[in-house]
$ cat final-v7.csv   # CSV, C-alpha atoms and all ligand atoms
chain,number,residue,atom,x,y,z
A,1,MET,CA,11.3,-14.8,-13.6
A,2,CYS,CA,7.7,-15.8,-14.1
A,3,ALA,CA,8.5,-19.4,-12.9
A,4,LYS,CA,9.9,-18.0,-9.7
A,5,ILE,CA,6.8,-15.9,-9.0
A,6,GLU,CA,4.7,-19.1,-9.6
A,7,ASP,CA,7.0,-21.1,-7.3
A,8,LYS,CA,6.3,-18.6,-4.5
A,9,LYS,CA,2.6,-19.2,-4.8
A,10,HIS,CA,3.2,-22.8,-3.7
A,11,MET,CA,5.3,-21.8,-0.7
A,12,THR,CA,3.7,-23.3,2.5
A,13,TYR,CA,4.0,-22.1,6.0
A,14,GLU,CA,6.1,-25.1,6.8
A,15,ASP,CA,8.6,-23.7,4.3
A,16,LEU,CA,8.8,-20.6,6.4
A,17,LEU,CA,9.6,-22.5,9.5
A,18,LYS,CA,12.2,-24.5,7.7
A,19,GLY,CA,13.6,-21.2,6.5
A,20,ASN,CA,13.7,-20.0,10.1
A,21,GLU,CA,15.7,-23.1,11.1
A,22,LYS,CA,18.2,-22.4,8.4
A,23,PHE,CA,18.4,-18.7,9.4
A,24,VAL,CA,19.1,-19.6,13.1
A,25,ALA,CA,21.7,-22.2,12.1
A,26,ASP,CA,23.5,-20.0,9.6
A,27,THR,CA,23.4,-17.0,12.0
A,28,LEU,CA,24.8,-18.9,15.0
A,29,LYS,CA,27.5,-20.4,12.8
A,30,GLU,CA,28.7,-16.9,12.0
A,31,ASP,CA,28.1,-15.4,15.5
A,32,PRO,CA,27.2,-17.6,18.4
A,33,GLU,CA,26.3,-14.6,20.5
A,34,TYR,CA,24.1,-12.9,17.8
A,35,PHE,CA,20.7,-13.6,19.4
A,36,ASN,CA,21.9,-13.0,23.0
A,37,ASN,CA,23.2,-9.6,22.0
A,38,LEU,CA,20.1,-8.7,20.0
A,39,ALA,CA,17.8,-9.7,22.8
A,40,LYS,CA,19.4,-7.1,25.1
A,41,GLY,CA,17.5,-4.2,23.5
A,42,GLN,CA,17.2,-2.0,20.5
A,43,SER,CA,18.4,1.5,19.8
A,44,PRO,CA,17.7,2.0,16.0
A,45,PRO,CA,18.6,5.5,14.7
A,46,VAL,CA,15.9,5.3,12.0
A,47,LEU,CA,12.2,5.0,11.7
A,48,TRP,CA,11.1,3.8,8.3
A,49,ILE,CA,7.5,4.4,7.1
A,50,GLY,CA,7.2,2.3,4.0
A,51,CYS,CA,4.7,0.4,1.8
A,52,ALA,CA,3.4,-3.0,2.8
A,53,ASP,CA,4.5,-4.3,-0.6
A,54,SER,CA,6.4,-7.5,-0.2
A,55,ARG,CA,9.1,-6.3,-2.6
A,56,VAL,CA,10.2,-3.4,-0.5
A,57,PRO,CA,11.8,-4.8,2.7
A,58,ALA,CA,13.5,-2.0,4.6
A,59,ASN,CA,16.6,-3.9,5.8
A,60,GLN,CA,17.5,-5.7,2.7
A,61,ILE,CA,17.3,-2.7,0.4
A,62,THR,CA,19.4,-0.6,2.7
A,63,ASN,CA,21.9,-3.3,3.6
A,64,THR,CA,21.1,-3.0,7.3
A,65,LYS,CA,20.6,-5.6,9.9
A,66,PRO,CA,17.9,-6.4,12.5
A,67,GLY,CA,18.1,-3.8,15.3
A,68,GLU,CA,19.0,-0.9,12.9
A,69,ILE,CA,15.7,0.2,11.6
A,70,PHE,CA,12.3,0.6,13.4
A,71,VAL,CA,9.7,-0.1,10.8
A,72,HIS,CA,6.1,0.9,10.1
A,73,ARG,CA,4.4,-0.2,6.9
A,74,ASN,CA,1.0,0.2,5.4
A,75,ILE,CA,-0.5,0.4,1.9
A,76,ALA,CA,1.2,3.2,0.0
A,77,ASN,CA,3.4,4.4,3.0
A,78,MET,CA,0.8,6.9,4.3
A,79,VAL,CA,1.0,9.2,7.2
A,80,VAL,CA,-2.6,9.7,8.1
A,81,HIS,CA,-3.1,12.0,11.1
A,82,THR,CA,-5.9,10.0,12.7
A,83,ASP,CA,-4.0,6.6,12.3
A,84,MET,CA,-3.4,5.6,15.9
A,85,ASN,CA,-1.1,2.7,14.7
A,86,MET,CA,1.2,5.1,12.8
A,87,LEU,CA,1.1,7.7,15.6
A,88,SER,CA,1.9,5.2,18.3
A,89,VAL,CA,4.9,3.9,16.3
A,90,LEU,CA,6.0,7.5,15.6
A,91,ASP,CA,5.6,8.5,19.3
A,92,TYR,CA,7.6,5.5,20.5
A,93,ALA,CA,10.3,6.0,17.9
A,94,VAL,CA,10.7,9.7,18.6
A,95,ASN,CA,10.1,9.9,22.3
A,96,VAL,CA,11.5,6.6,23.6
A,97,LEU,CA,13.9,5.3,21.0
A,98,LYS,CA,15.0,8.8,20.1
A,99,VAL,CA,15.5,8.0,16.5
A,100,LYS,CA,17.4,10.7,14.5
A,101,HIS,CA,15.7,10.1,11.2
A,102,VAL,CA,12.2,9.3,10.0
A,103,ILE,CA,12.1,8.3,6.4
A,104,VAL,CA,9.0,7.9,4.3
A,105,THR,CA,9.8,5.5,1.5
A,106,GLY,CA,7.5,5.0,-1.5
A,107,HIS,CA,8.1,2.9,-4.5
A,108,TYR,CA,7.4,3.2,-8.2
A,109,GLY,CA,4.8,0.7,-9.4
A,110,CYS,CA,2.9,1.0,-6.1
A,111,GLY,CA,-0.4,-0.9,-6.4
A,112,GLY,CA,-2.1,1.4,-3.9
A,113,VAL,CA,-1.1,4.6,-5.9
A,114,ILE,CA,-2.1,3.0,-9.2
A,115,ALA,CA,-5.5,1.9,-7.7
A,116,ALA,CA,-6.0,5.4,-6.3
A,117,MET,CA,-5.6,6.9,-9.8
A,118,GLY,CA,-8.5,4.7,-11.1
A,119,ASN,CA,-12.2,4.6,-10.5
A,120,GLN,CA,-12.7,1.0,-9.8
A,121,SER,CA,-14.1,0.3,-6.3
A,122,VAL,CA,-12.0,-2.2,-4.5
A,123,GLY,CA,-14.0,-2.4,-1.2
A,124,LEU,CA,-13.0,-1.2,2.2
A,125,ILE,CA,-9.6,-0.1,0.9
A,126,ASP,CA,-11.3,2.6,-1.2
A,127,ASN,CA,-11.4,4.7,2.1
A,128,TRP,CA,-7.7,4.3,2.6
A,129,LEU,CA,-6.9,5.1,-1.0
A,130,ARG,CA,-9.0,8.3,-0.7
A,131,HIS,CA,-6.0,9.8,1.1
A,132,ILE,CA,-3.9,9.3,-2.1
A,133,LYS,CA,-6.8,10.8,-4.2
A,134,ASP,CA,-6.5,13.8,-2.0
A,135,VAL,CA,-2.8,14.1,-2.8
A,136,TYR,CA,-3.8,13.9,-6.5
A,137,ARG,CA,-6.3,16.8,-6.0
A,138,LEU,CA,-3.6,19.0,-4.5
A,139,HIS,CA,-1.4,18.4,-7.6
A,140,ASP,CA,-4.0,17.8,-10.3
A,141,ALA,CA,-2.8,20.4,-12.7
A,142,GLU,CA,0.7,18.9,-12.8
A,143,LEU,CA,-0.5,15.3,-12.9
A,144,ASP,CA,-3.3,15.9,-15.5
A,145,ALA,CA,-0.6,17.4,-17.8
A,146,ILE,CA,1.3,14.1,-17.9
A,147,ALA,CA,-0.2,12.1,-20.8
A,148,ASP,CA,1.6,8.8,-20.1
A,149,THR,CA,-0.2,6.9,-17.4
A,150,GLY,CA,2.9,5.2,-16.1
A,151,LYS,CA,4.8,8.4,-15.8
A,152,ARG,CA,1.8,10.1,-14.2
A,153,ALA,CA,1.7,7.2,-11.6
A,154,ASP,CA,5.4,7.6,-11.0
A,155,ARG,CA,5.0,11.3,-10.3
A,156,LEU,CA,2.0,10.6,-8.0
A,157,VAL,CA,4.2,8.1,-6.1
A,158,GLU,CA,6.8,11.0,-5.6
A,159,LEU,CA,4.1,13.6,-4.7
A,160,ASN,CA,2.5,11.1,-2.2
A,161,VAL,CA,5.9,10.7,-0.4
A,162,ILE,CA,6.4,14.5,-0.4
A,163,GLU,CA,2.9,15.1,1.1
A,164,ASN,CA,3.4,12.4,3.7
A,165,VAL,CA,6.7,14.0,4.7
A,166,HIS,CA,4.7,17.2,5.2
A,167,ASN,CA,2.2,15.2,7.2
A,168,LEU,CA,4.9,14.0,9.5
A,169,CYS,CA,6.0,17.6,10.1
A,170,LYS,CA,2.4,18.5,10.9
A,171,THR,CA,2.2,16.0,13.8
A,172,SER,CA,2.5,17.3,17.4
A,173,ILE,CA,5.0,14.5,18.0
A,174,VAL,CA,7.6,15.8,15.5
A,175,GLN,CA,6.9,19.4,16.3
A,176,ASN,CA,7.4,18.9,20.0
A,177,ALA,CA,10.6,17.1,19.4
A,178,TRP,CA,11.9,20.0,17.3
A,179,ARG,CA,10.8,22.5,19.9
A,180,ASN,CA,12.7,20.6,22.6
A,181,GLY,CA,15.8,20.7,20.5
A,182,GLN,CA,15.8,17.0,19.7
A,183,ASP,CA,18.1,16.0,16.8
A,184,LEU,CA,15.5,14.7,14.3
A,185,SER,CA,15.1,15.0,10.6
A,186,VAL,CA,12.5,13.7,8.3
A,187,HIS,CA,13.1,12.6,4.7
A,188,GLY,CA,11.3,11.3,1.6
A,189,TRP,CA,12.6,8.6,-0.7
A,190,VAL,CA,11.4,6.5,-3.6
A,191,TYR,CA,12.6,3.0,-4.3
A,192,ALA,CA,12.7,1.7,-7.9
A,193,LEU,CA,11.6,-2.0,-8.0
A,194,SER,CA,13.2,-2.4,-11.5
A,195,THR,CA,16.7,-1.3,-10.5
A,196,GLY,CA,16.8,-1.6,-6.7
A,197,VAL,CA,18.0,2.1,-6.5
A,198,ILE,CA,16.6,4.5,-3.9
A,199,LYS,CA,16.1,8.1,-5.0
A,200,ASP,CA,16.3,10.8,-2.4
A,201,LEU,CA,13.5,13.4,-3.2
A,202,GLN,CA,15.5,16.1,-1.4
A,203,VAL,CA,12.6,17.1,0.8
A,204,SER,CA,14.4,16.6,4.1
A,205,ALA,CA,13.2,18.8,7.0
A,206,THR,CA,14.6,19.6,10.5
A,207,ASN,CA,12.1,22.3,11.4
A,208,THR,CA,8.7,23.7,10.6
A,209,SER,CA,9.9,26.4,8.2
A,210,ASN,CA,8.3,24.7,5.2
A,211,LEU,CA,4.9,24.3,6.9
A,212,GLY,CA,2.0,26.7,6.3
A,213,GLU,CA,1.3,28.9,9.3
A,214,VAL,CA,-1.9,27.1,10.2
A,215,PHE,CA,0.0,23.8,10.9
A,216,LYS,CA,2.5,25.3,13.3
A,217,LEU,CA,1.7,24.4,16.9
A,218,ASN,CA,2.5,26.6,19.9
A,219,VAL,CA,3.2,25.3,23.3
A,220,ALA,CA,0.0,25.1,25.5
A,221,PRO,CA,-0.1,28.0,28.0
B,301,ZN,ZN,3.2,0.1,-2.6
$ encode --input "final-v7.csv" --output "structure tokens"
Amino acid sequence: MCAKIEDKKHMTYEDLLKGNEKFVADTLKEDPEYFNNLAKGQSPPVLWIGCADSRVPANQITNTKPGEIFVHRNIANMVVHTDMNMLSVLDYAVNVLKVKHVIVTGHYGCGGVIAAMGNQSVGLIDNWLRHIKDVYRLHDAELDAIADTGKRADRLVELNVIENVHNLCKTSIVQNAWRNGQDLSVHGWVYALSTGVIKDLQVSATNTSNLGEVFKLNVAP
């Protein structure tokens, strides 16, 4: 296992291009029309908001193919309400692609969450990790009561997903879709790197009923 990780450090960008040649050849052998068909357009039913971690690729771990999942990834799968990148992806997915599901997927062992639990400054990223520290503050009584650091980090991973599902529900984009009767649900999952298994945190929502009153948006007069 260690040898393999070391091998990857020596991977060059030429290796990636060679890999692409093999991908094209293998794919065309199986389906000569594959790329022609895929180039016609996309209508994925799912938007995935996941961590940038290289070990959590949306398609592979859900056994799906290109064209089936619209993807946004950042450090620790955050839904930050001033993040124009995330909001633009969400807007396009909900209002143009008309996805039926938005899934926030965290993962145990998330470096961003572990860093946010510590006090070491890591530069610019401190400001991004602050959002995770805010999640910790909301749940500090529960988290502080977990003596084992690893278990506390695992729980913070879960709570971070749950808070980011709430953050999705707070957006005007999701609330407008629901008000317009659009078929849209949001979900929270956690992926286990050590087993490959996804856990559904059972926090799915199809309306604003779980939101505090202050977050519910009315239509402009
Ligand atoms: Zn991560």
$ closest_residue --input "final-v7.csv" --among "A:Ile162, A:Ile146, A:Val186, A:Ala39" --to "Leu90 (chain A)" --atoms "only C-alpha atoms"
A:Val186
$ residues_near_ligand --input "final-v7.csv" --ligand "ligand ZN 301 (chain B)" --cutoff "12 Å" --atoms "only C-alpha atoms and all ligand atoms" --output "ChimeraX atom specification"
/A:49-57,73-78,104-116,129,132,153-154,156-158,160-161,190-193
$ residues_near_point --input "final-v7.csv" --point "(7.1, 11.1, 5.4)" --cutoff "6 Å" --atoms "all atoms listed in the file" --output "PyMOL selection string"
chain A and resi 103-104+161+164-165+168+188
$ residues_around --input "final-v7.csv" --residues "region 66-68 of chain A" --least-positions-apart "5" --cutoff "8 Å" --atoms "all atoms listed in the file" --output "JSON, numbers by chain"
{"A": [38, 42, 43, 44, 45, 46, 59]}
$ atom_distance --input "final-v7.csv" --atom1 "CA of Val197 (chain A)" --atom2 "CA of Asp148 (chain A)"
22.3 Å
$ atom_distance --input "final-v7.csv" --atom1 "CA of Asn210 (chain A)" --atom2 "CA of Val174 (chain A)"
13.6 Å
$ closest_residue --input "final-v7.csv" --among "A:Val79, A:Leu28, A:Ala177, A:Ala147" --to "His101 (chain A)" --atoms "all atoms listed in the file"
A:Ala177
$ closest_residue --input "final-v7.csv" --among "A:Thr27, A:Ser209, A:Gly181, A:Met117" --to "Arg152 (chain A)" --atoms "all atoms listed in the file"
A:Met117
$ closest_residue --input "final-v7.csv" --among "A:His166, A:Thr195, A:Asn176, A:Ser185" --to "Asp91 (chain A)" --atoms "only C-alpha atoms"
A:Asn176
$ atom_distance --input "final-v7.csv" --atom1 "CA of His187 (chain A)" --atom2 "CA of His139 (chain A)"
19.9 Å
$ closest_residue --input "final-v7.csv" --among "A:Asn63, A:Leu17, A:Ile173, A:Asn37" --to "Ser88 (chain A)" --atoms "all atoms listed in the file"
A:Ile173
$ residues_around --input "final-v7.csv" --residues "Asn218 (chain A)" --least-positions-apart "4" --cutoff "10 Å" --atoms "all atoms listed in the file" --output "PDB file with C-alpha atoms, in the frame of the given file"
ATOM      1  CA  SER A 172       2.500  17.300  17.400  1.00  0.00           C
ATOM      2  CA  GLN A 175       6.900  19.400  16.300  1.00  0.00           C
ATOM      3  CA  ASN A 176       7.400  18.900  20.000  1.00  0.00           C
ATOM      4  CA  ARG A 179      10.800  22.500  19.900  1.00  0.00           C
TER       5      ARG A 179
END
$ closest_residue --input "final-v7.csv" --among "A:Met86, A:Arg155, A:Ile69, A:Glu213" --to "Asp140 (chain A)" --atoms "only C-alpha atoms"
A:Arg155
$ residues_near_point --input "final-v7.csv" --point "(19.6, 3.5, -1.1)" --cutoff "7 Å" --atoms "only C-alpha atoms" --output "ChimeraX atom specification"
/A:61-62,197-199
$ build_atoms --input "final-v7.csv" --residues "region 113-130 of chain A" --atoms "N, CA and C atoms" --output "PDB file, in the frame of the given file"
ATOM      1  N   VAL A 113      -1.099   3.287  -5.130  1.00  0.00           N
ATOM      2  CA  VAL A 113      -1.100   4.600  -5.900  1.00  0.00           C
ATOM      3  C   VAL A 113      -1.824   4.388  -7.209  1.00  0.00           C
ATOM      4  N   ILE A 114      -1.523   3.283  -7.884  1.00  0.00           N
ATOM      5  CA  ILE A 114      -2.100   3.000  -9.200  1.00  0.00           C
ATOM      6  C   ILE A 114      -3.662   2.853  -9.025  1.00  0.00           C
ATOM      7  N   ALA A 115      -4.060   2.111  -7.976  1.00  0.00           N
ATOM      8  CA  ALA A 115      -5.500   1.900  -7.700  1.00  0.00           C
ATOM      9  C   ALA A 115      -6.177   3.254  -7.428  1.00  0.00           C
ATOM     10  N   ALA A 116      -5.458   4.127  -6.698  1.00  0.00           N
ATOM     11  CA  ALA A 116      -6.000   5.400  -6.300  1.00  0.00           C
ATOM     12  C   ALA A 116      -6.218   6.324  -7.553  1.00  0.00           C
ATOM     13  N   MET A 117      -5.454   6.069  -8.614  1.00  0.00           N
ATOM     14  CA  MET A 117      -5.600   6.900  -9.800  1.00  0.00           C
ATOM     15  C   MET A 117      -6.796   6.426 -10.664  1.00  0.00           C
ATOM     16  N   GLY A 118      -7.324   5.242 -10.370  1.00  0.00           N
ATOM     17  CA  GLY A 118      -8.500   4.700 -11.100  1.00  0.00           C
ATOM     18  C   GLY A 118      -9.780   4.978 -10.462  1.00  0.00           C
ATOM     19  N   ASN A 119     -10.825   4.440 -11.065  1.00  0.00           N
ATOM     20  CA  ASN A 119     -12.200   4.600 -10.500  1.00  0.00           C
ATOM     21  C   ASN A 119     -12.826   3.357 -10.036  1.00  0.00           C
ATOM     22  N   GLN A 120     -12.096   2.248 -10.184  1.00  0.00           N
ATOM     23  CA  GLN A 120     -12.700   1.000  -9.800  1.00  0.00           C
ATOM     24  C   GLN A 120     -12.745   0.860  -8.256  1.00  0.00           C
ATOM     25  N   SER A 121     -13.938   0.556  -7.752  1.00  0.00           N
ATOM     26  CA  SER A 121     -14.100   0.300  -6.300  1.00  0.00           C
ATOM     27  C   SER A 121     -13.439  -0.998  -5.959  1.00  0.00           C
ATOM     28  N   VAL A 122     -12.639  -0.994  -4.874  1.00  0.00           N
ATOM     29  CA  VAL A 122     -12.000  -2.200  -4.500  1.00  0.00           C
ATOM     30  C   VAL A 122     -12.382  -2.592  -3.015  1.00  0.00           C
ATOM     31  N   GLY A 123     -13.519  -2.054  -2.556  1.00  0.00           N
ATOM     32  CA  GLY A 123     -14.000  -2.400  -1.200  1.00  0.00           C
ATOM     33  C   GLY A 123     -13.555  -1.432  -0.158  1.00  0.00           C
ATOM     34  N   LEU A 124     -13.377  -1.972   1.035  1.00  0.00           N
ATOM     35  CA  LEU A 124     -13.000  -1.200   2.200  1.00  0.00           C
ATOM     36  C   LEU A 124     -11.800  -0.256   1.921  1.00  0.00           C
ATOM     37  N   ILE A 125     -10.869  -0.813   1.177  1.00  0.00           N
ATOM     38  CA  ILE A 125      -9.600  -0.100   0.900  1.00  0.00           C
ATOM     39  C   ILE A 125      -9.847   1.210   0.163  1.00  0.00           C
ATOM     40  N   ASP A 126     -11.015   1.363  -0.497  1.00  0.00           N
ATOM     41  CA  ASP A 126     -11.300   2.600  -1.200  1.00  0.00           C
ATOM     42  C   ASP A 126     -11.124   3.809  -0.198  1.00  0.00           C
ATOM     43  N   ASN A 127     -11.469   3.584   1.056  1.00  0.00           N
ATOM     44  CA  ASN A 127     -11.400   4.700   2.100  1.00  0.00           C
ATOM     45  C   ASN A 127      -9.976   5.040   2.415  1.00  0.00           C
ATOM     46  N   TRP A 128      -9.092   4.050   2.365  1.00  0.00           N
ATOM     47  CA  TRP A 128      -7.700   4.300   2.600  1.00  0.00           C
ATOM     48  C   TRP A 128      -7.067   5.018   1.386  1.00  0.00           C
ATOM     49  N   LEU A 129      -7.436   4.519   0.204  1.00  0.00           N
ATOM     50  CA  LEU A 129      -6.900   5.100  -1.000  1.00  0.00           C
ATOM     51  C   LEU A 129      -7.371   6.535  -1.234  1.00  0.00           C
ATOM     52  N   ARG A 130      -8.458   6.894  -0.594  1.00  0.00           N
ATOM     53  CA  ARG A 130      -9.000   8.300  -0.700  1.00  0.00           C
ATOM     54  C   ARG A 130      -7.886   9.284  -0.291  1.00  0.00           C
TER      55      ARG A 130
END
